[in-house]
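Participant: Input structure: target04.txt, which contains compact mmCIF, C-alpha atoms and all ligand atoms.
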```txt
# COMPACT_ATOMS: atom_id res chain seq x y z
CA MET A 1388 0.00 0.00 0.00
CA ILE A 1389 1.47 3.35 -1.01
CA LEU A 1390 0.58 6.28 1.20
CA SER A 1391 0.92 8.98 -1.45
CA ASN A 1392 0.91 12.04 0.76
CA LEU A 1393 4.00 10.90 2.64
CA PRO A 1394 7.15 11.00 0.51
CA LEU A 1395 9.19 7.79 0.54
CA PRO A 1396 12.77 8.73 -0.27
CA VAL A 1397 13.80 5.14 -1.14
CA ASN A 1398 12.30 2.64 -3.51
CA LEU A 1399 10.96 -0.69 -2.28
CA ASP A 1400 13.93 -2.64 -3.59
CA THR A 1401 16.13 -0.66 -1.24
CA VAL A 1402 13.82 -1.46 1.62
CA ALA A 1403 13.96 -5.15 0.74
CA ASP A 1404 17.76 -4.98 0.56
CA ASN A 1405 17.85 -3.68 4.10
CA LEU A 1406 15.90 -6.64 5.45
CA GLY A 1407 17.71 -9.27 7.46
CA ASP A 1408 15.70 -12.01 5.77
CA ALA A 1409 16.58 -13.42 2.38
CA LEU A 1410 13.71 -13.05 -0.09
CA PHE A 1411 13.07 -14.62 -3.48
CA ILE A 1412 10.17 -14.23 -5.83
CA VAL A 1413 9.65 -17.16 -8.16
CA ASN A 1414 7.12 -17.78 -10.91
CA ARG A 1415 5.01 -20.91 -11.27
CA ASP A 1416 7.89 -22.70 -12.95
CA LYS A 1417 9.91 -21.97 -9.80
CA GLU A 1418 12.26 -19.68 -11.72
CA VAL A 1419 13.71 -16.76 -9.81
CA ALA A 1420 12.25 -13.45 -10.93
CA TRP A 1421 13.61 -11.28 -8.14
CA LEU A 1422 15.77 -11.53 -5.04
CA ASN A 1423 16.98 -9.15 -2.36
CA LYS A 1424 20.55 -8.43 -1.33
CA ARG A 1425 20.63 -10.86 1.57
CA ALA A 1426 19.45 -13.68 -0.71
CA GLY A 1427 22.27 -12.87 -3.11
CA GLU A 1428 24.85 -12.87 -0.32
CA LEU A 1429 23.61 -16.06 1.14
CA PHE A 1430 23.55 -18.03 -2.09
CA TYR A 1431 26.49 -16.28 -3.80
CA THR A 1432 24.53 -14.95 -6.68
CA SER A 1433 23.74 -11.68 -8.33
CA ASP A 1434 20.50 -10.45 -9.83
CA GLU A 1435 21.68 -11.15 -13.37
CA SER A 1436 22.89 -14.70 -12.85
CA ALA A 1437 19.92 -15.62 -10.68
CA GLN A 1438 17.26 -14.44 -13.13
CA GLY A 1439 15.41 -17.37 -14.59
CA THR A 1440 17.36 -19.98 -12.63
CA VAL A 1441 15.22 -22.60 -10.96
CA ILE A 1442 15.21 -21.89 -7.22
CA THR A 1443 16.21 -25.40 -6.17
CA GLU A 1444 19.30 -25.26 -8.39
CA LEU A 1445 20.24 -21.81 -7.21
CA THR A 1446 19.92 -22.61 -3.51
CA GLY A 1447 20.72 -26.31 -3.60
CA ILE A 1448 17.73 -26.86 -1.31
CA LYS A 1449 15.78 -29.67 -2.92
CA LYS A 1450 13.07 -29.47 -0.34
CA LEU A 1451 11.89 -26.14 -1.76
CA ASP A 1452 10.47 -28.04 -4.69
CA SER A 1453 7.91 -29.93 -2.64
CA LEU A 1454 7.16 -26.92 -0.45
CA LEU A 1455 6.38 -24.82 -3.50
CA ASN A 1456 4.30 -27.64 -4.95
CA ASP A 1457 2.31 -27.69 -1.72
CA VAL A 1458 1.66 -23.97 -1.93
CA PHE A 1459 0.82 -24.03 -5.62
CA GLU A 1460 -1.49 -27.02 -5.31
CA GLN A 1461 -3.44 -25.57 -2.44
CA GLU A 1462 -3.78 -22.22 -4.18
CA ALA A 1463 -7.53 -21.95 -3.83
CA LYS A 1464 -7.66 -22.59 -0.12
CA LEU A 1465 -4.34 -21.21 0.82
CA LYS A 1466 -4.13 -17.49 0.73
CA CYS A 1467 -1.95 -17.41 3.75
CA SER A 1468 1.65 -18.39 4.16
CA TYR A 1469 3.09 -21.83 4.37
CA GLU A 1470 5.74 -22.44 6.96
CA GLU A 1471 7.99 -25.37 7.18
CA GLY A 1472 10.51 -26.31 9.88
CA SER A 1473 14.05 -25.18 9.42
CA VAL A 1474 16.66 -26.11 6.86
CA LYS A 1475 20.35 -26.21 7.42
CA VAL A 1476 22.56 -24.40 4.95
CA LYS A 1477 26.31 -24.75 5.04
CA ARG A 1478 28.37 -21.87 3.74
CA GLN A 1479 32.12 -21.57 4.20
CA ASP A 1480 32.10 -23.94 7.14
CA GLN A 1481 29.43 -21.87 8.82
CA ARG A 1482 26.15 -23.53 9.51
CA TYR A 1483 23.03 -21.44 9.25
CA PHE A 1484 19.54 -22.51 10.05
CA PHE A 1485 16.63 -20.93 8.27
CA LYS A 1486 12.93 -21.03 8.69
CA ILE A 1487 11.27 -20.99 5.32
CA SER A 1488 7.91 -19.42 4.68
CA ILE A 1489 6.21 -19.22 1.36
CA ASN A 1490 3.39 -16.91 0.33
CA PRO A 1491 1.56 -17.42 -2.94
CA ILE A 1492 1.44 -14.39 -5.22
CA PHE A 1493 -1.74 -13.77 -7.17
CA HIS A 1494 -2.00 -11.67 -10.28
CA GLU A 1495 -5.43 -10.84 -11.70
CA GLU A 1496 -7.01 -13.58 -9.59
CA GLU A 1497 -4.60 -16.15 -10.97
CA LEU A 1498 -1.81 -17.77 -9.06
CA TRP A 1499 1.37 -16.33 -10.55
CA GLY A 1500 4.12 -17.56 -8.26
CA GLY A 1501 5.42 -17.28 -4.73
CA LEU A 1502 7.43 -15.19 -2.31
CA ILE A 1503 9.95 -17.28 -0.43
CA GLN A 1504 11.34 -15.91 2.78
CA PHE A 1505 14.33 -17.31 4.66
CA THR A 1506 14.47 -16.19 8.27
CA ASP A 1507 17.74 -16.82 10.05
CA VAL A 1508 17.04 -18.92 13.16
CA THR A 1509 20.63 -20.02 13.75
CA ARG A 1510 20.78 -18.40 17.15
CA PHE A 1511 17.53 -20.00 18.15
CA HIS A 1512 18.92 -23.37 17.09
CA GLU A 1513 22.00 -22.86 19.24
CA MET A 1514 19.80 -22.07 22.23
CA GLU A 1515 17.74 -25.18 21.54
CA LYS A 1516 20.91 -27.23 21.48
CA ILE A 1517 22.02 -25.84 24.84
CA LYS A 1518 18.59 -26.60 26.26
CA THR A 1519 18.63 -30.10 24.85
CA ASP A 1520 22.06 -30.83 26.26
CA PHE A 1521 20.99 -29.47 29.61
CA VAL A 1522 17.86 -31.61 29.70
CA SER A 1523 19.91 -34.60 28.70
CA ILE A 1524 22.48 -34.11 31.47
CA VAL A 1525 19.94 -33.32 34.16
CA SER A 1526 17.72 -36.28 33.36
CA HIS A 1527 20.73 -38.52 33.29
CA GLU A 1528 21.88 -37.29 36.69
CA PHE A 1529 18.39 -37.87 38.11
CA ARG A 1530 18.43 -41.48 37.09
CA THR A 1531 21.01 -42.78 39.55
CA PRO A 1532 19.50 -41.50 42.81
CA LEU A 1533 16.05 -42.43 41.58
CA THR A 1534 17.12 -46.01 41.01
CA THR A 1535 18.41 -46.15 44.57
CA ILE A 1536 15.10 -44.83 45.87
CA ILE A 1537 13.11 -47.36 43.83
CA VAL A 1538 15.20 -50.26 45.09
CA GLY A 1539 14.84 -48.99 48.69
CA VAL A 1540 11.08 -48.71 48.35
CA GLU A 1541 10.88 -52.27 46.97
CA MET A 1542 12.93 -53.61 49.88
CA LEU A 1543 10.74 -51.82 52.40
CA LYS A 1544 7.58 -53.03 50.70
CA GLU A 1545 8.73 -56.62 50.74
CA GLY A 1546 9.42 -56.37 54.46
CA MET A 1547 13.12 -57.00 54.05
CA LEU A 1548 13.83 -54.19 56.45
CA GLY A 1549 11.26 -55.11 59.09
CA ASP A 1550 7.49 -54.93 59.45
CA LEU A 1551 5.47 -51.95 58.31
CA THR A 1552 2.26 -50.53 59.68
CA PRO A 1553 -0.70 -50.51 57.27
CA ARG A 1554 -0.39 -46.73 57.02
CA GLY A 1555 3.32 -47.11 56.32
CA LYS A 1556 2.46 -49.50 53.48
CA GLU A 1557 0.05 -46.97 51.99
CA VAL A 1558 2.63 -44.24 52.07
CA LEU A 1559 5.18 -46.53 50.45
CA GLU A 1560 2.72 -47.44 47.69
CA ALA A 1561 2.27 -43.74 46.95
CA ILE A 1562 6.02 -43.17 46.91
CA GLY A 1563 6.46 -46.17 44.62
CA ALA A 1564 3.82 -44.87 42.18
CA ASP A 1565 5.40 -41.42 42.10
CA CYS A 1566 8.82 -42.94 41.50
CA GLU A 1567 7.41 -44.78 38.51
CA ARG A 1568 6.00 -41.56 37.12
CA LEU A 1569 9.27 -39.79 37.62
CA SER A 1570 11.13 -42.62 36.01
CA ARG A 1571 8.81 -42.54 32.97
CA LEU A 1572 9.30 -38.80 32.70
CA ILE A 1573 13.07 -39.15 32.80
CA ASP A 1574 12.96 -41.87 30.15
CA ASN A 1575 10.87 -39.62 27.94
CA LEU A 1576 13.13 -36.63 28.42
CA MET A 1577 16.21 -38.66 27.63
CA GLU A 1578 14.63 -40.16 24.54
CA LEU A 1579 13.56 -36.71 23.44
CA SER A 1580 16.94 -35.08 23.90
CA ARG A 1581 18.54 -37.92 22.00
CA ILE A 1582 16.16 -37.34 19.13
CA GLU A 1583 16.58 -33.56 19.24
CA SER A 1584 20.32 -33.64 19.31
CA GLY A 1585 20.12 -35.73 16.16
CA THR A 1586 22.41 -38.34 17.62
CA ILE A 1587 20.07 -41.26 17.22
CA TYR A 1588 20.12 -43.36 14.15
CA VAL A 1589 17.33 -45.71 13.48
CA GLU A 1590 18.73 -49.10 12.64
CA ALA A 1591 16.00 -50.64 10.57
CA GLU A 1592 16.23 -54.38 10.90
CA PRO A 1593 13.69 -57.05 10.15
CA ALA A 1594 11.34 -57.20 13.11
CA ASP A 1595 8.66 -59.81 13.64
CA VAL A 1596 5.30 -58.16 14.14
CA THR A 1597 4.00 -60.64 16.70
CA ASP A 1598 7.17 -60.24 18.76
CA LEU A 1599 6.83 -56.47 18.64
CA ILE A 1600 3.26 -56.52 19.83
CA GLN A 1601 3.95 -59.10 22.55
CA GLU A 1602 6.88 -57.14 23.86
CA ALA A 1603 4.85 -53.92 23.97
CA VAL A 1604 1.64 -55.34 25.38
CA ARG A 1605 2.86 -57.93 27.88
CA PRO A 1606 3.99 -55.48 30.58
CA LEU A 1607 0.65 -53.67 30.35
CA LYS A 1608 -1.64 -56.70 30.50
CA PHE A 1609 -1.67 -56.87 34.27
CA GLN A 1610 -2.36 -53.18 34.63
CA ALA A 1611 -5.24 -53.43 32.12
CA GLU A 1612 -6.74 -56.33 34.06
CA LYS A 1613 -6.50 -54.33 37.26
CA GLN A 1614 -8.34 -51.46 35.58
CA GLY A 1615 -11.01 -53.80 34.20
CA ILE A 1616 -10.05 -53.02 30.61
CA GLU A 1617 -10.00 -55.71 27.96
CA LEU A 1618 -6.80 -55.66 25.94
CA ILE A 1619 -7.14 -57.42 22.59
CA THR A 1620 -4.53 -58.04 19.92
CA ASP A 1621 -5.65 -58.63 16.38
CA ILE A 1622 -2.80 -59.40 14.02
CA ALA A 1623 -3.52 -60.39 10.45
CA PRO A 1624 -2.02 -63.80 9.56
CA ASN A 1625 1.18 -64.24 7.58
CA LEU A 1626 2.44 -60.70 7.88
CA PRO A 1627 5.94 -59.96 6.61
CA SER A 1628 8.55 -58.45 8.92
CA VAL A 1629 8.75 -54.70 9.26
CA ALA A 1630 11.89 -52.64 8.80
CA ALA A 1631 12.14 -51.21 12.27
CA ASP A 1632 14.33 -50.49 15.21
CA PHE A 1633 12.81 -53.08 17.54
CA ASN A 1634 13.10 -51.24 20.85
CA LYS A 1635 11.91 -47.95 19.43
CA ALA A 1636 8.93 -49.56 17.74
CA VAL A 1637 8.03 -51.24 21.03
CA TRP A 1638 8.36 -47.89 22.74
CA VAL A 1639 5.85 -46.31 20.35
CA LEU A 1640 3.33 -49.12 20.74
CA ALA A 1641 3.67 -49.22 24.52
CA ASN A 1642 3.13 -45.50 24.68
CA LEU A 1643 0.00 -45.59 22.59
CA VAL A 1644 -1.44 -48.45 24.62
CA GLY A 1645 -0.41 -46.64 27.83
CA ASN A 1646 -2.26 -43.53 26.69
CA ALA A 1647 -5.32 -45.57 25.74
CA MET A 1648 -5.36 -47.12 29.22
CA ARG A 1649 -5.24 -43.73 30.86
CA TYR A 1650 -8.18 -42.37 28.92
CA THR A 1651 -10.43 -45.42 28.95
CA ASP A 1652 -12.82 -46.25 31.77
CA PRO A 1653 -13.29 -49.73 33.27
CA GLU A 1654 -15.34 -52.07 31.02
CA GLY A 1655 -13.64 -50.44 28.07
CA THR A 1656 -11.70 -52.21 25.35
CA ILE A 1657 -8.35 -51.54 23.76
CA THR A 1658 -7.56 -53.27 20.48
CA VAL A 1659 -4.11 -53.42 18.96
CA ARG A 1660 -4.39 -54.22 15.29
CA VAL A 1661 -1.90 -54.85 12.50
CA ARG A 1662 -2.76 -54.98 8.81
CA GLN A 1663 -0.78 -54.89 5.61
CA ARG A 1664 -1.52 -52.58 2.73
CA GLY A 1665 0.97 -52.74 -0.09
CA LYS A 1666 4.46 -52.10 1.14
CA ARG A 1667 3.38 -50.82 4.51
CA LEU A 1668 2.10 -52.30 7.72
CA PHE A 1669 -0.57 -50.36 9.58
CA PHE A 1670 -0.43 -50.60 13.37
CA SER A 1671 -3.41 -49.21 15.20
CA VAL A 1672 -4.37 -48.84 18.83
CA GLU A 1673 -8.08 -48.36 19.27
CA ASP A 1674 -9.78 -47.52 22.55
CA THR A 1675 -13.32 -46.94 23.72
CA GLY A 1676 -12.31 -44.00 25.89
CA CYS A 1677 -13.21 -40.34 26.19
CA GLY A 1678 -12.00 -39.26 22.76
CA ILE A 1679 -10.08 -36.15 21.71
CA PRO A 1680 -11.76 -32.96 20.50
CA LYS A 1681 -11.24 -32.30 16.80
CA GLU A 1682 -9.39 -29.01 17.37
CA ASN A 1683 -6.77 -30.78 19.48
CA GLN A 1684 -6.18 -33.79 17.28
CA GLU A 1685 -3.21 -32.28 15.48
CA LYS A 1686 -1.79 -30.40 18.44
CA ILE A 1687 -1.33 -33.45 20.66
CA PHE A 1688 1.63 -34.54 18.55
CA ARG A 1689 3.51 -31.45 19.68
CA LYS A 1690 5.69 -31.44 22.74
CA TYR A 1691 4.10 -30.69 26.09
CA VAL A 1692 0.57 -30.54 24.72
CA GLN A 1693 -2.07 -32.17 26.86
CA VAL A 1694 -5.80 -31.93 26.49
CA SER A 1695 -7.79 -30.82 29.47
CA GLY A 1696 -11.53 -31.09 29.83
CA PRO A 1697 -14.36 -32.66 31.76
CA GLY A 1698 -13.95 -36.32 32.57
CA ARG A 1699 -10.19 -36.20 32.14
CA LYS A 1700 -8.29 -37.31 35.15
CA GLY A 1701 -4.85 -36.01 35.95
CA THR A 1702 -2.60 -38.21 33.89
CA GLY A 1703 0.75 -37.83 35.54
CA GLY A 1704 2.50 -37.34 32.20
CA VAL A 1705 3.81 -34.15 30.70
CA GLY A 1706 2.71 -34.49 27.10
CA LEU A 1707 5.88 -35.86 25.55
CA GLY A 1708 4.83 -39.37 24.56
CA LEU A 1709 3.18 -38.59 21.25
CA ALA A 1710 5.82 -36.06 20.18
CA ILE A 1711 8.49 -38.70 20.63
CA ALA A 1712 6.34 -41.38 19.00
CA LYS A 1713 5.93 -39.14 15.95
CA ASP A 1714 9.68 -38.53 15.71
CA ILE A 1715 10.39 -42.23 15.90
CA VAL A 1716 7.76 -43.19 13.33
CA MET A 1717 8.91 -40.50 10.92
CA ALA A 1718 12.52 -41.56 11.33
CA HIS A 1719 11.40 -44.94 10.00
CA GLY A 1720 9.80 -43.24 7.01
CA GLY A 1721 6.33 -43.87 8.40
CA GLU A 1722 3.35 -41.73 9.36
CA ILE A 1723 1.20 -41.42 12.44
CA TRP A 1724 -2.25 -39.96 12.84
CA VAL A 1725 -5.33 -40.07 15.03
CA ASP A 1726 -9.04 -40.60 14.45
CA SER A 1727 -11.25 -39.85 17.38
CA VAL A 1728 -14.86 -39.21 18.29
CA ILE A 1729 -15.69 -37.59 21.61
CA GLY A 1730 -17.33 -40.04 23.98
CA LYS A 1731 -16.81 -42.97 21.60
CA GLY A 1732 -13.08 -43.52 21.47
CA THR A 1733 -9.81 -42.93 19.79
CA THR A 1734 -7.69 -44.77 17.25
CA PHE A 1735 -4.03 -43.98 16.73
CA THR A 1736 -2.54 -45.48 13.58
CA PHE A 1737 1.04 -45.53 12.42
CA THR A 1738 2.80 -47.16 9.51
CA PHE A 1739 6.11 -48.92 9.16
CA PRO A 1740 7.60 -50.14 5.90
CA VAL A 1741 7.77 -53.83 5.12
CA TYR A 1742 11.32 -55.15 5.31
CA TYR A 1743 12.79 -55.77 1.87
CA GLY A 1744 16.49 -56.00 2.52
CA ASP A 1745 19.35 -54.26 4.19
CA GLU A 1746 18.44 -50.68 4.89
CA SER A 1747 19.06 -48.25 7.65
CA VAL A 1748 17.32 -44.95 7.90
CA LYS A 1749 18.72 -41.79 9.37
CA LEU A 1750 16.56 -39.38 11.30
CA PRO A 1751 15.49 -36.76 8.79
CA ASP A 1752 16.25 -33.29 10.05
CA ALA A 1753 15.40 -31.28 7.01
CA GLU A 1754 19.03 -31.00 6.28
CA GLU A 1755 20.40 -29.57 3.09
CA GLU A 1756 24.06 -28.89 2.68
N1 LIG B 1 -6.08 -42.58 23.66
C1 LIG B 1 -6.30 -41.31 24.03
N2 LIG B 1 -7.56 -40.89 24.37
C2 LIG B 1 -7.79 -39.60 24.72
N3 LIG B 1 -6.84 -38.65 24.78
C3 LIG B 1 -5.58 -38.99 24.48
C4 LIG B 1 -5.25 -40.33 24.08
N4 LIG B 1 -3.92 -40.37 23.82
C5 LIG B 1 -3.46 -39.12 24.05
N5 LIG B 1 -4.44 -38.28 24.43
C6 LIG B 1 -4.32 -36.85 24.74
O1 LIG B 1 -3.14 -36.39 24.12
C7 LIG B 1 -2.28 -35.79 25.09
C8 LIG B 1 -0.84 -35.98 24.71
O2 LIG B 1 -0.46 -37.36 24.83
P1 LIG B 1 1.05 -37.72 25.14
O3 LIG B 1 1.21 -39.16 25.13
O4 LIG B 1 1.88 -36.89 24.22
O5 LIG B 1 1.26 -37.10 26.60
P2 LIG B 1 0.83 -37.70 28.03
O6 LIG B 1 0.38 -39.09 27.89
O7 LIG B 1 -0.12 -36.71 28.62
O8 LIG B 1 2.19 -37.61 28.81
P3 LIG B 1 3.50 -38.56 28.61
O9 LIG B 1 3.26 -39.38 27.40
O10 LIG B 1 4.60 -37.56 28.45
O11 LIG B 1 3.62 -39.37 29.82
C9 LIG B 1 -2.66 -36.43 26.39
O12 LIG B 1 -2.35 -35.61 27.48
C10 LIG B 1 -4.16 -36.60 26.23
O13 LIG B 1 -4.81 -35.41 26.54
MG MG B 2 1.60 -40.54 26.74
```
Taking this structure as input, can you express it in the form of structure tokens?
Facilitator:
Amino acid sequence: MILSNLPLPVNLDTVADNLGDALFIVNRDKEVAWLNKRAGELFYTSDESAQGTVITELTGIKKLDSLLNDVFEQEAKLKCSYEEGSVKVKRQDQRYFFKISINPIFHEEELWGGLIQFTDVTRFHEMEKIKTDFVSIVSHEFRTPLTTIIVGVEMLKEGMLGDLTPRGKEVLEAIGADCERLSRLIDNLMELSRIESGTIYVEAEPADVTDLIQEAVRPLKFQAEKQGIELITDIAPNLPSVAADFNKAVWVLANLVGNAMRYTDPEGTITVRVRQRGKRLFFSVEDTGCGIPKENQEKIFRKYVQVSGPGRKGTGGVGLGLAIAKDIVMAHGGEIWVDSVIGKGTTFTFTFPVYYGDESVKLPDAEEE
């Protein structure tokens, strides 16, 4: 918008050149039509040599192709910007992290192209790394004394250190339960910091589906019985092995079943199902619990998000389980999603690829170098 009665001594190109963000304008064929100074500096290019070059070639960021496709395909619905995590760009041994946002550009009601904006979030990434390392160290340091406490509580409970009064037993039970919660929290935090620091590699090996399910469900069977919940496994016959990191896959399943148990009342049912469709196996955990409101169904996969509402008991967790589960599933090249109806129940489904041979998958971290 030009405010004509106020003189603007500089043209808009100059304004754009003074921005800290790198900007590109591309047409529908993803060819660069314009760029600002920062974009030129960052990708070692000048206006003349950039003109008409396809953006992915110019920047070396292949991911831009699919991001632009997303924006262009959704043109009708999407008048707002599209934002995608960060990408890593390596320049002269310096690592920069950028957040990319893309806005479609319309000309005479027609989609003409897009404005791509790179915002430098390197500093933010460094802070995240410090935080991650801190969490990792602290949770690790917590583990040792906690183990001592848990062992002590067990010994007291079993009467190895003398008789207890009934009240003493009650108090010990409560301490034991809290220790378990703390221990689960520490496990989650450690798993999360490992994922965030990018140090985990997923070793995809052939894993037997029945073994996976047994390993995940067995420790929870007793708890389910105690809660009066029926825990059913329904595995299609003759399934091939999945390409998965066994322990991590078990972790995901156990977490989903654990969640289902927390949000399902007695008399309820939890069904763990596995089916094959093409080259993928679909694992689902279905419960007859309280359900998740539509507006929260996407959010719950983010860190520290928990749903509150009537009929929801305090859960003891912190909202990390699903965020970690999503990271693990995606690291295997799979997907995870939820279907849920309030008052009826919830089904979480995730996919793993069928095992076809030697393959190991690295955690994707949107990295482009
Ligand atoms: N089966 C389910 N039924 C209803 N709500 C669920 C179900 N699974 C998850 N949720 C909701 O999603 C939120 C996030 O789940 P998530 O597993 O990430 O965290 P949490 O279970 O609360 O804590 P943590 O897993 O860290 O111990 C839960 O707090 C709960 O509100
Ligand atoms: Mg959980």
Participant: Find the residues near Gly1665 in chain A: any atom within 12 Å, counting all atoms listed in the file, skip ones fewer than 6 places away on the same chain, and give them as number ranges by chain.
Facilitator: A: 1626-1627, 1738-1742
Participant: Using all atoms listed in the file, which protein or nucleic acid residues come within 9 Å of Lys1731 in chain A? Drop anything in the same chain fewer than 5 positions from it, and give the result as JSON, numbers by chain.
Facilitator: {"A": [1674, 1675, 1676, 1677, 1678]}
Participant: Place a sphere of radius 12 Å on (19.6, -34.6, 28.7) in the file coordinates and name every protein, DNA or RNA residue with an atom inside or on its surface, counting all atoms listed in the file; give the answer as an NGL selection string.
Facilitator: :A and (1515-1530 or 1572-1584)
Participant: Can you list, as a list in words, every protein, DNA or RNA residue that comes within 6 Å of Val1419 in chain A when you count all atoms listed in the file, leaving out same-chain residues fewer than 4 positions away?
Facilitator: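 Skipping anything fewer than 4 positions along the chain leaves Ile1412, Val1413, Gln1438, Gly1439, Thr1440 and Ile1442 of chain A.
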Participant: Grab the CA of Ala1636 in chain A to CA of Ile1715 in chain A distance for me, in Å with one decimal place.
Facilitator: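 Going from CA of Ala1636 in chain A over to CA of Ile1715 in chain A covers 7.7 Å.
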Participant: Listing only residues of chain A within 10 Å of ligand MG 2 (chain B), what is the closest atom pair and its distance in Å (to one decimal) for each, using all atoms listed in the file, sorted by chain and residue number ascending, as a tab-separated table?
Facilitator:
```
residue	atom	partner	partner_atom	distance
A:Arg1571	CA	B:MG2	MG	9.7
A:Leu1572	CA	B:MG2	MG	9.9
A:Asn1575	CA	B:MG2	MG	9.4
A:Val1639	CA	B:MG2	MG	9.6
A:Ala1641	CA	B:MG2	MG	9.2
A:Asn1642	CA	B:MG2	MG	5.6
A:Leu1643	CA	B:MG2	MG	6.7
A:Val1644	CA	B:MG2	MG	8.7
A:Gly1645	CA	B:MG2	MG	6.5
A:Asn1646	CA	B:MG2	MG	4.9
A:Ala1647	CA	B:MG2	MG	8.6
A:Met1648	CA	B:MG2	MG	9.9
A:Arg1649	CA	B:MG2	MG	8.6
A:Ile1687	CA	B:MG2	MG	9.8
A:Gln1693	CA	B:MG2	MG	9.1
A:Thr1702	CA	B:MG2	MG	8.6
A:Gly1703	CA	B:MG2	MG	9.2
A:Gly1704	CA	B:MG2	MG	6.4
A:Val1705	CA	B:MG2	MG	7.8
A:Gly1706	CA	B:MG2	MG	6.2
A:Leu1707	CA	B:MG2	MG	6.5
A:Gly1708	CA	B:MG2	MG	4.1
A:Leu1709	CA	B:MG2	MG	6.0
A:Ala1710	CA	B:MG2	MG	9.0
A:Ile1711	CA	B:MG2	MG	9.4
A:Ala1712	CA	B:MG2	MG	9.1
```
Participant: In Å, rounded to a single decimal, give me how far CA of Lys1635 in chain A is from CA of Val1672 in chain A.
Facilitator: 16.3 Å
Participant: Here's a test: counting only C-alpha atoms, identify every protein, DNA and RNA residue with an atom at most 7 Å from (-1.6, -49.5, 12.9) in the file's coordinate frame, and state them as an NGL selection string.
Facilitator: :A and (1660-1662 or 1668-1672 or 1736-1738)
Participant: Counting only C-alpha atoms and all ligand atoms, which of A:Ala1611, A:Lys1666, A:Pro1624, A:Ser1570 gets nearest to ligand LIG 1 (chain B)?
Facilitator: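 Of the candidates, the smallest distance to ligand LIG 1 (chain B) is held by A:Ser1570.
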Participant: Output as AutoDock Vina command-line options the centre and edge lengths (Å, one decimal) of the box along x, y and z of the file that holds every listed atom of range 1505-1515 of chain A after adding 3 Å on each side.
Facilitator:
```
--center_x 18.2 --center_y -20.7 --center_z 13.4 --size_x 13.7 --size_y 15.0 --size_z 23.6
```
Participant: Return the single residue from A:Asp1550, A:Arg1415, A:Tyr1650, A:Ile1537 that is closest to Leu1569 in chain A, with distances computed using all atoms listed in the file.
Facilitator: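 Among the listed residues, A:Ile1537 lies closest to Leu1569 in chain A.
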Participant: Please report the interatomic distance between CA of Gly1721 in chain A and CA of Leu1640 in chain A in Å with one decimal.
Facilitator: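 Computing the Euclidean distance for CA of Gly1721 in chain A and CA of Leu1640 in chain A yields 13.7 Å.
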Participant: Could you list, as a compact mmCIF listing (two decimals) with C-alpha atoms, keeping the file's coordinate frame, every residue within 8 Å of Asp1595 in chain A, counting only C-alpha atoms and ignoring same-chain residues fewer than 3 positions away?
Facilitator:
```txt
# COMPACT_ATOMS: atom_id res chain seq x y z
CA ASP A 1598 7.17 -60.24 18.76
CA LEU A 1599 6.83 -56.47 18.64
CA PRO A 1627 5.94 -59.96 6.61
CA SER A 1628 8.55 -58.45 8.92
CA VAL A 1629 8.75 -54.70 9.26
```
Participant: Would you kindly return, as a PyMOL selection string, each protein, DNA or RNA residue with an atom no farther than 7 Å from any atom of Ile1679 in chain A, considering only C-alpha atoms and excluding same-chain residues fewer than 2 positions away?
Facilitator: chain A and resi 1677+1681+1683-1684+1727-1729
Participant: Nearest to ligand LIG 1 (chain B) among A:Val1725, A:Ile1616, A:Val1692, A:Val1589, with distances taken over all atoms listed in the file: which residue is it?
Facilitator: A:Val1692
